[in-house]
Structures are given as C-alpha cells and as structure tokens.
>>> print(open('target03.txt').read())   # compact mmCIF, C-alpha atoms and all ligand atoms
# COMPACT_ATOMS: atom_id res chain seq x y z
CA MET A 19 95.50 115.85 93.86
CA LYS A 20 94.11 115.73 90.35
CA ILE A 21 96.22 113.16 88.47
CA LEU A 22 96.30 112.17 84.79
CA ILE A 23 97.54 108.64 84.07
CA ILE A 24 98.46 107.85 80.45
CA GLY A 25 98.47 104.11 79.79
CA ALA A 26 96.46 103.22 82.88
CA ASN A 27 95.20 100.08 81.15
CA GLY A 28 98.66 98.63 80.45
CA HIS A 29 100.68 96.17 82.54
CA ILE A 30 102.27 98.89 84.69
CA GLY A 31 99.21 101.13 84.61
CA LYS A 32 96.97 98.37 85.98
CA ILE A 33 99.24 97.97 89.03
CA ILE A 34 99.51 101.64 89.95
CA THR A 35 96.12 103.05 88.95
CA PRO A 36 93.93 101.43 91.66
CA ILE A 37 96.31 102.63 94.38
CA LEU A 38 96.46 106.18 93.03
CA GLU A 39 92.66 106.16 92.69
CA GLN A 40 92.36 105.45 96.44
CA ARG A 41 94.47 108.51 97.25
CA HIS A 42 93.72 111.07 94.52
CA LYS A 43 91.26 112.13 91.84
CA VAL A 44 92.48 110.19 88.79
CA THR A 45 91.70 110.58 85.08
CA THR A 46 92.88 107.71 82.87
CA ALA A 47 93.85 108.09 79.21
CA GLY A 48 95.15 106.06 76.27
CA ARG A 49 94.76 105.83 72.52
CA ASN A 50 92.01 103.21 72.72
CA SER A 51 91.58 102.79 76.47
CA GLY A 52 90.87 104.94 79.52
CA GLU A 53 88.30 107.64 80.22
CA VAL A 54 89.77 110.12 77.74
CA SER A 55 91.36 109.39 74.39
CA VAL A 56 94.87 110.68 73.61
CA ASP A 57 97.89 109.84 71.48
CA ILE A 58 100.85 111.40 73.28
CA SER A 59 102.93 111.40 70.09
CA SER A 60 100.61 114.16 68.77
CA SER A 61 100.63 117.70 70.23
CA ALA A 62 97.17 118.32 68.79
CA SER A 63 95.81 115.22 70.52
CA LEU A 64 97.39 116.35 73.83
CA GLU A 65 95.90 119.86 73.53
CA ASN A 66 92.53 118.26 72.85
CA LEU A 67 92.92 116.13 76.01
CA PHE A 68 93.72 119.12 78.24
CA ALA A 69 90.83 121.08 76.74
CA GLN A 70 88.62 118.30 78.12
CA ILE A 71 90.20 117.76 81.55
CA GLY A 72 91.59 121.22 82.42
CA ALA A 73 94.54 121.95 84.71
CA ILE A 74 96.20 119.09 86.56
CA ASP A 75 98.46 118.49 89.61
CA ALA A 76 100.35 115.42 88.39
CA ILE A 77 100.88 113.64 85.08
CA VAL A 78 101.98 110.01 85.08
CA CYS A 79 103.02 108.33 81.85
CA ALA A 80 103.11 104.54 81.70
CA ALA A 81 103.10 104.36 77.90
CA GLY A 82 105.59 104.18 75.05
CA ASP A 83 106.81 101.46 72.72
CA SER A 84 110.33 100.49 71.71
CA VAL A 85 111.78 97.60 69.71
CA THR A 86 114.12 94.79 70.74
CA GLY A 87 116.37 92.78 68.45
CA ASP A 88 120.02 91.84 68.14
CA LEU A 89 122.32 94.64 67.04
CA PHE A 90 122.71 93.42 63.46
CA SER A 91 118.97 93.11 62.87
CA MET A 92 118.29 96.66 64.04
CA THR A 93 117.49 99.32 61.44
CA ASP A 94 116.86 103.07 61.51
CA GLU A 95 113.15 102.32 61.43
CA LYS A 96 113.37 100.00 64.45
CA TYR A 97 115.36 102.52 66.51
CA PHE A 98 112.95 105.21 65.41
CA VAL A 99 109.97 103.41 67.00
CA GLY A 100 111.35 104.00 70.49
CA LEU A 101 112.59 107.49 69.70
CA GLN A 102 109.23 108.51 68.29
CA GLN A 103 106.77 106.56 70.45
CA LYS A 104 108.52 106.65 73.81
CA LEU A 105 111.18 109.41 73.90
CA LEU A 106 109.71 112.20 71.76
CA ALA A 107 106.15 111.32 72.81
CA GLN A 108 107.03 111.79 76.50
CA ILE A 109 109.00 114.98 75.77
CA ASN A 110 105.91 116.19 73.91
CA LEU A 111 103.77 115.31 76.92
CA VAL A 112 105.99 117.46 79.14
CA ILE A 113 106.16 120.43 76.74
CA VAL A 114 102.39 120.52 76.21
CA GLY A 115 101.57 119.36 79.74
CA LEU A 116 103.56 122.20 81.34
CA LYS A 117 101.00 124.68 80.02
CA HIS A 118 98.27 122.84 81.92
CA MET A 119 100.22 121.85 85.05
CA ASN A 120 99.34 123.60 88.31
CA ASP A 121 102.11 125.19 90.40
CA ASN A 122 104.11 122.62 92.41
CA GLY A 123 102.80 119.80 90.22
CA SER A 124 104.82 116.83 88.95
CA PHE A 125 105.58 114.70 85.91
CA THR A 126 106.43 111.01 86.29
CA LEU A 127 107.78 109.53 83.04
CA ILE A 128 108.73 105.93 82.28
CA SER A 129 112.01 104.46 81.03
CA GLY A 130 113.32 100.97 81.98
CA LYS A 131 116.29 99.05 83.31
CA MET A 132 117.77 98.47 79.82
CA GLY A 133 118.65 102.17 79.66
CA GLU A 134 121.33 101.71 82.31
CA ASN A 135 121.79 97.98 82.61
CA PRO A 136 121.27 96.48 79.14
CA ALA A 137 121.16 92.83 78.10
CA LYS A 138 122.15 91.49 74.68
CA GLY A 139 119.53 92.38 72.07
CA SER A 140 118.28 95.43 73.93
CA SER A 141 120.01 98.30 72.09
CA GLY A 142 116.65 99.62 70.82
CA LYS A 143 115.34 99.82 74.39
CA ALA A 144 118.70 100.98 75.75
CA VAL A 145 119.01 104.08 73.57
CA THR A 146 115.38 105.03 74.13
CA ASN A 147 115.34 104.53 77.90
CA GLY A 148 118.75 106.13 78.37
CA ALA A 149 117.58 109.19 76.46
CA VAL A 150 114.37 109.43 78.51
CA ASN A 151 116.51 109.37 81.67
CA SER A 152 118.80 112.08 80.27
CA PHE A 153 115.84 114.23 79.30
CA VAL A 154 114.41 114.03 82.82
CA ILE A 155 117.71 114.91 84.53
CA ALA A 156 118.15 117.91 82.21
CA ALA A 157 114.51 119.08 82.19
CA ALA A 158 114.36 118.99 86.01
CA LEU A 159 116.88 121.85 86.06
CA GLU A 160 114.46 124.07 84.15
CA MET A 161 111.03 123.20 85.54
CA PRO A 162 109.18 126.42 86.41
CA ARG A 163 106.75 127.22 89.27
CA GLY A 164 107.91 124.50 91.65
CA ILE A 165 107.03 121.77 89.15
CA ARG A 166 109.05 118.54 89.44
CA ILE A 167 109.92 115.76 86.98
CA ASN A 168 111.13 112.22 87.69
CA VAL A 169 111.33 108.95 85.81
CA ILE A 170 110.46 105.44 86.92
CA SER A 171 112.96 102.91 85.57
CA PRO A 172 111.66 99.42 86.32
CA SER A 173 113.10 95.99 85.68
CA LYS A 174 110.71 93.59 83.93
CA ILE A 175 107.50 93.66 85.96
CA THR A 176 107.59 89.92 86.44
CA ASP A 177 110.89 90.43 88.31
CA ILE A 178 109.65 93.13 90.70
CA THR A 179 107.00 93.44 93.38
CA ALA A 180 103.91 95.58 92.95
CA GLU A 181 104.74 97.09 96.33
CA ASN A 182 108.13 98.38 95.16
CA LEU A 183 106.67 99.72 91.93
CA ILE A 184 103.92 101.59 93.80
CA LYS A 185 106.43 102.92 96.34
CA GLY A 186 108.43 104.40 93.45
CA TYR A 187 105.40 106.14 91.98
CA LEU A 188 104.33 107.54 95.36
CA LYS A 189 107.86 108.85 95.89
CA SER A 190 107.73 110.73 92.59
CA ILE A 191 104.19 112.08 93.03
CA GLU A 192 103.90 112.71 96.76
CA THR A 193 107.40 113.71 97.93
CA SER A 194 109.64 116.62 96.88
CA VAL A 195 112.13 114.64 94.75
CA ASN A 196 113.09 116.22 91.43
CA GLY A 197 115.24 114.98 88.54
CA GLU A 198 115.50 111.48 89.96
CA ILE A 199 115.78 108.18 88.11
CA ILE A 200 113.70 105.98 90.41
CA ARG A 201 115.07 102.49 89.87
CA ILE A 202 112.79 99.56 90.63
CA GLY A 203 114.33 96.12 90.98
CA TYR A 204 117.98 97.02 90.28
CA HIS A 205 120.63 99.47 91.47
N1 LIG B 1 106.16 95.71 81.34
C1 LIG B 1 107.44 95.73 81.76
O1 LIG B 1 108.00 94.71 82.24
C2 LIG B 1 108.24 96.99 81.67
C3 LIG B 1 109.50 97.07 82.29
C4 LIG B 1 110.23 98.24 82.19
C5 LIG B 1 109.72 99.32 81.48
N2 LIG B 1 108.51 99.21 80.88
C6 LIG B 1 107.99 100.35 80.12
O2 LIG B 1 106.79 100.79 80.70
C7 LIG B 1 105.92 101.31 79.69
C8 LIG B 1 104.58 100.60 79.81
O3 LIG B 1 104.81 99.22 79.70
P1 LIG B 1 103.60 98.19 79.77
O4 LIG B 1 104.19 96.83 79.74
O5 LIG B 1 102.67 98.57 80.85
O6 LIG B 1 102.95 98.49 78.34
P2 LIG B 1 101.50 98.08 77.81
O7 LIG B 1 100.94 96.96 78.60
O8 LIG B 1 101.65 97.95 76.33
O9 LIG B 1 100.63 99.38 78.13
C9 LIG B 1 100.89 100.59 77.52
C10 LIG B 1 99.70 101.49 77.73
O10 LIG B 1 99.96 102.76 77.16
C11 LIG B 1 98.96 103.15 76.24
N3 LIG B 1 99.66 103.83 75.14
C12 LIG B 1 100.65 103.33 74.37
N4 LIG B 1 101.07 104.24 73.48
C13 LIG B 1 100.34 105.36 73.71
C14 LIG B 1 100.31 106.65 73.11
N5 LIG B 1 101.09 106.97 72.06
N6 LIG B 1 99.43 107.56 73.60
C15 LIG B 1 98.62 107.24 74.63
N7 LIG B 1 98.60 106.03 75.24
C16 LIG B 1 99.45 105.10 74.77
C17 LIG B 1 98.25 101.86 75.85
O11 LIG B 1 96.87 102.01 75.69
P3 LIG B 1 96.23 102.20 74.22
O12 LIG B 1 96.64 101.00 73.42
O13 LIG B 1 94.78 102.33 74.50
O14 LIG B 1 96.85 103.46 73.72
C18 LIG B 1 98.44 100.99 77.11
O15 LIG B 1 97.40 101.24 78.04
C19 LIG B 1 106.63 101.05 78.36
O16 LIG B 1 107.31 102.22 77.96
C20 LIG B 1 107.64 99.97 78.69
O17 LIG B 1 108.78 100.01 77.86
C21 LIG B 1 107.75 98.09 80.95
>>> encode(input="target03.txt", output="structure tokens")
Amino acid sequence: MKILIIGANGHIGKIITPILEQRHKVTTAGRNSGEVSVDISSSASLENLFAQIGAIDAIVCAAGDSVTGDLFSMTDEKYFVGLQQKLLAQINLVIVGLKHMNDNGSFTLISGKMGENPAKGSSGKAVTNGAVNSFVIAAALEMPRGIRINVISPSKITDITAENLIKGYLKSIETSVNGEIIRIGYH
C-alpha cells in the first residue's frame, strides 16, 4: 500500500512509522519535517502535497495541537487552537484527501483519551478530541468507494506500549474496520 503519514517525526509518528515502512511504501510529511512539506490546516498546502505525491491508499495523521489549562484560565483563543489545528485541520485533510484517495483506501485520524475520559484541566483537549471522534463516526457513514475512516485515541504515550499503539494503527489500516474509535490504553 502507498501510505502518507502526517507528523511522522513526532512522538507517535516515530513509533509507528518504522513499522509501517517495513510493510508498505510510506511517504512522510510535516510542516518542517518529513519528505514532503505540508500544513494540514491549509487546503492549498494539502493540494500542493497531493500534486507532488499523487493518489494514495492510506492517510495517517499523527499531528494536531490543542491547549491544556484549568477551566477558568481557558479563553476562546485557547479553545480555538485545538479546534483549528487539530479538529478542522484533520477534517480538511479528509475533505481534500478524499479526492486523492484510491478506492478501498483508509483514513486514520488522531484524537486522545481526554476526549472520552478527561482529567481536571483538560477541557481544551476534551472538546477537541471528542469532536474529532464525533467527526469520524459521522463521516464513516458517508465515505464513498469503499473508503474507511477510523480514529486512534491513545492515552499518554508514556502510559502505553508501542506494541499496543502499533496494533491499533494496523487494525485501522489493514483490516476492514470503519467508523471505529480505536482506544489505546483505556476502555
Ligand atoms: N504524545 C501523547 O502522549 C499523545 C497522547 C494522546 C494523543 N496525542 C495526540 O497525538 C497527536 C501527535 O502527538 P505527538 O505527541 O506525537 O505530537 P508531536 O511530537 O508534537 O508531533 C506532531 C507532529 O505533527 C507535525 N505537525 C503538527 N502540526 C502539523 C500541521 N498543521 N501540518 C502538518 N504537520 C503537522 C509535526 O511536525 P512539524 O513540526 O514538522 O510540522 C510533528 O511531526 C496530537 O494530536 C496529540 O494531541 C498524543
């Protein structure tokens, strides 16, 4: 399979990329890292990326910022970081990516445990991750041409094993699951 990994150089990306490279033909991308440059919050930047790499069988996103802070220190601007950089950026990736996705391909987005199982001070992450999960469940109902979409929702990577994280990614990319929140390190 020809796979695009956004954020391959990040903490999660560095765990999954070498394994996916052993099994598939991988292209890595990031704003300032990876083989190809892209900012997923920009449709123009995404179109420019696909013009360079062509059609693809799987897109994996391990990128997207959000802000933590106790409830009373949070502001519109702080919430907006996650909504813009993680939620809307990944939605953008799916909307633009669909045009370049081969039949029966897959998207694997990223959310995080705080979307379903928050701790104090995590409302910025919670609203962002919860919305990414909701987007995936809804978008899966409308994916055309046998294309699938799932989301990996990990606990903090220091609390999980690389093996479980990789297993989750392989489930999304290599099996037939669709519209699944793949929880890593919690239930
Ligand atoms: N680490 C954890 O414990 C953990 C747990 C649960 C969920 N998550 C989620 O997993 C995702 C990745 O986390 P991480 O810890 O691996 O982050 P990270 O170490 O900061 O890595 C993020 C990667 O994404 C790229 N990136 C960021 N914004 C981008 C954009 N707009 N367009 C293209 N590339 C972009 C960055 O590269 P450039 O700087 O070159 O763009 C970097 O390679 C985040 O959404 C995070 O919330 C992380």
>>> residues_near_ligand(input="target03.txt", ligand="ligand LIG 1 (chain B)", cutoff="8 Å", atoms="all atoms listed in the file", output="PyMOL selection string")
chain A and resi 24-32+47-52+55-60+79-84+103-104+107+128-132+143+147+171-177
>>> write_last_selection(input="target03.txt", atoms="C-alpha atoms", output="PDB file, keeping the file's coordinate frame")
ATOM      1  CA  ILE A  24      98.460 107.850  80.450  1.00  0.00           C
ATOM      2  CA  GLY A  25      98.470 104.110  79.790  1.00  0.00           C
ATOM      3  CA  ALA A  26      96.460 103.220  82.880  1.00  0.00           C
ATOM      4  CA  ASN A  27      95.200 100.080  81.150  1.00  0.00           C
ATOM      5  CA  GLY A  28      98.660  98.630  80.450  1.00  0.00           C
ATOM      6  CA  HIS A  29     100.680  96.170  82.540  1.00  0.00           C
ATOM      7  CA  ILE A  30     102.270  98.890  84.690  1.00  0.00           C
ATOM      8  CA  GLY A  31      99.210 101.130  84.610  1.00  0.00           C
ATOM      9  CA  LYS A  32      96.970  98.370  85.980  1.00  0.00           C
ATOM     10  CA  ALA A  47      93.850 108.090  79.210  1.00  0.00           C
ATOM     11  CA  GLY A  48      95.150 106.060  76.270  1.00  0.00           C
ATOM     12  CA  ARG A  49      94.760 105.830  72.520  1.00  0.00           C
ATOM     13  CA  ASN A  50      92.010 103.210  72.720  1.00  0.00           C
ATOM     14  CA  SER A  51      91.580 102.790  76.470  1.00  0.00           C
ATOM     15  CA  GLY A  52      90.870 104.940  79.520  1.00  0.00           C
ATOM     16  CA  SER A  55      91.360 109.390  74.390  1.00  0.00           C
ATOM     17  CA  VAL A  56      94.870 110.680  73.610  1.00  0.00           C
ATOM     18  CA  ASP A  57      97.890 109.840  71.480  1.00  0.00           C
ATOM     19  CA  ILE A  58     100.850 111.400  73.280  1.00  0.00           C
ATOM     20  CA  SER A  59     102.930 111.400  70.090  1.00  0.00           C
ATOM     21  CA  SER A  60     100.610 114.160  68.770  1.00  0.00           C
ATOM     22  CA  CYS A  79     103.020 108.330  81.850  1.00  0.00           C
ATOM     23  CA  ALA A  80     103.110 104.540  81.700  1.00  0.00           C
ATOM     24  CA  ALA A  81     103.100 104.360  77.900  1.00  0.00           C
ATOM     25  CA  GLY A  82     105.590 104.180  75.050  1.00  0.00           C
ATOM     26  CA  ASP A  83     106.810 101.460  72.720  1.00  0.00           C
ATOM     27  CA  SER A  84     110.330 100.490  71.710  1.00  0.00           C
ATOM     28  CA  GLN A 103     106.770 106.560  70.450  1.00  0.00           C
ATOM     29  CA  LYS A 104     108.520 106.650  73.810  1.00  0.00           C
ATOM     30  CA  ALA A 107     106.150 111.320  72.810  1.00  0.00           C
ATOM     31  CA  ILE A 128     108.730 105.930  82.280  1.00  0.00           C
ATOM     32  CA  SER A 129     112.010 104.460  81.030  1.00  0.00           C
ATOM     33  CA  GLY A 130     113.320 100.970  81.980  1.00  0.00           C
ATOM     34  CA  LYS A 131     116.290  99.050  83.310  1.00  0.00           C
ATOM     35  CA  MET A 132     117.770  98.470  79.820  1.00  0.00           C
ATOM     36  CA  LYS A 143     115.340  99.820  74.390  1.00  0.00           C
ATOM     37  CA  ASN A 147     115.340 104.530  77.900  1.00  0.00           C
ATOM     38  CA  SER A 171     112.960 102.910  85.570  1.00  0.00           C
ATOM     39  CA  PRO A 172     111.660  99.420  86.320  1.00  0.00           C
ATOM     40  CA  SER A 173     113.100  95.990  85.680  1.00  0.00           C
ATOM     41  CA  LYS A 174     110.710  93.590  83.930  1.00  0.00           C
ATOM     42  CA  ILE A 175     107.500  93.660  85.960  1.00  0.00           C
ATOM     43  CA  THR A 176     107.590  89.920  86.440  1.00  0.00           C
ATOM     44  CA  ASP A 177     110.890  90.430  88.310  1.00  0.00           C
TER      45      ASP A 177
END
>>> atom_distance(input="target03.txt", atom1="atom CA of Glu53 of chain A", atom2="atom CA of Arg41 of chain A")
18.1 Å
>>> closest_residue(input="target03.txt", among="A:Asn151, A:Gln70, A:Asn120, A:Thr193", to="Lys20 of chain A", atoms="all atoms listed in the file")
A:Asn120
>>> closest_residue(input="target03.txt", among="A:Gly142, A:Ala156, A:Ile191, A:Glu181", to="Asp94 of chain A", atoms="all atoms listed in the file")
A:Gly142
>>> axis_aligned_box(input="target03.txt", around="segment 189-202 of chain A", padding_each_side="8 Å", output="lines of an AutoDock Vina configuration file")
center_x = 109.8
center_y = 108.1
center_z = 93.0
size_x = 27.9
size_y = 33.1
size_z = 25.8
>>> residues_around(input="target03.txt", residues="Val195 of chain A", least_positions_apart="5", cutoff="8 Å", atoms="all atoms listed in the file", output="MDAnalysis selection string")
chainID A and resid 166 168 189:190
>>> residues_near_point(input="target03.txt", point="(98.6, 120.5, 73.2)", cutoff="12 Å", atoms="all atoms listed in the file", output="PyMOL selection string")
chain A and resi 56-70+72+107+110-118
>>> atom_distance(input="target03.txt", atom1="atom CA of Gly197 of chain A", atom2="atom CA of Arg163 of chain A")
14.9 Å
>>> atom_distance(input="target03.txt", atom1="atom CA of Gly164 of chain A", atom2="atom CA of Ile184 of chain A")
23.4 Å
>>> closest_residue(input="target03.txt", among="A:Thr126, A:Glu134, A:Leu101, A:Ile202", to="Thr179 of chain A", atoms="all atoms listed in the file")
A:Ile202
>>> closest_residue(input="target03.txt", among="A:Thr86, A:Val169, A:Lys185, A:Glu95", to="Ala137 of chain A", atoms="all atoms listed in the file")
A:Thr86
>>> closest_residue(input="target03.txt", among="A:Ile71, A:Met92, A:Ala149, A:Ala76", to="Leu106 of chain A", atoms="all atoms listed in the file")
A:Ala149
>>> closest_residue(input="target03.txt", among="A:Met19, A:Asn196, A:Asn135, A:Ile178", to="Ala158 of chain A", atoms="all atoms listed in the file")
A:Asn196
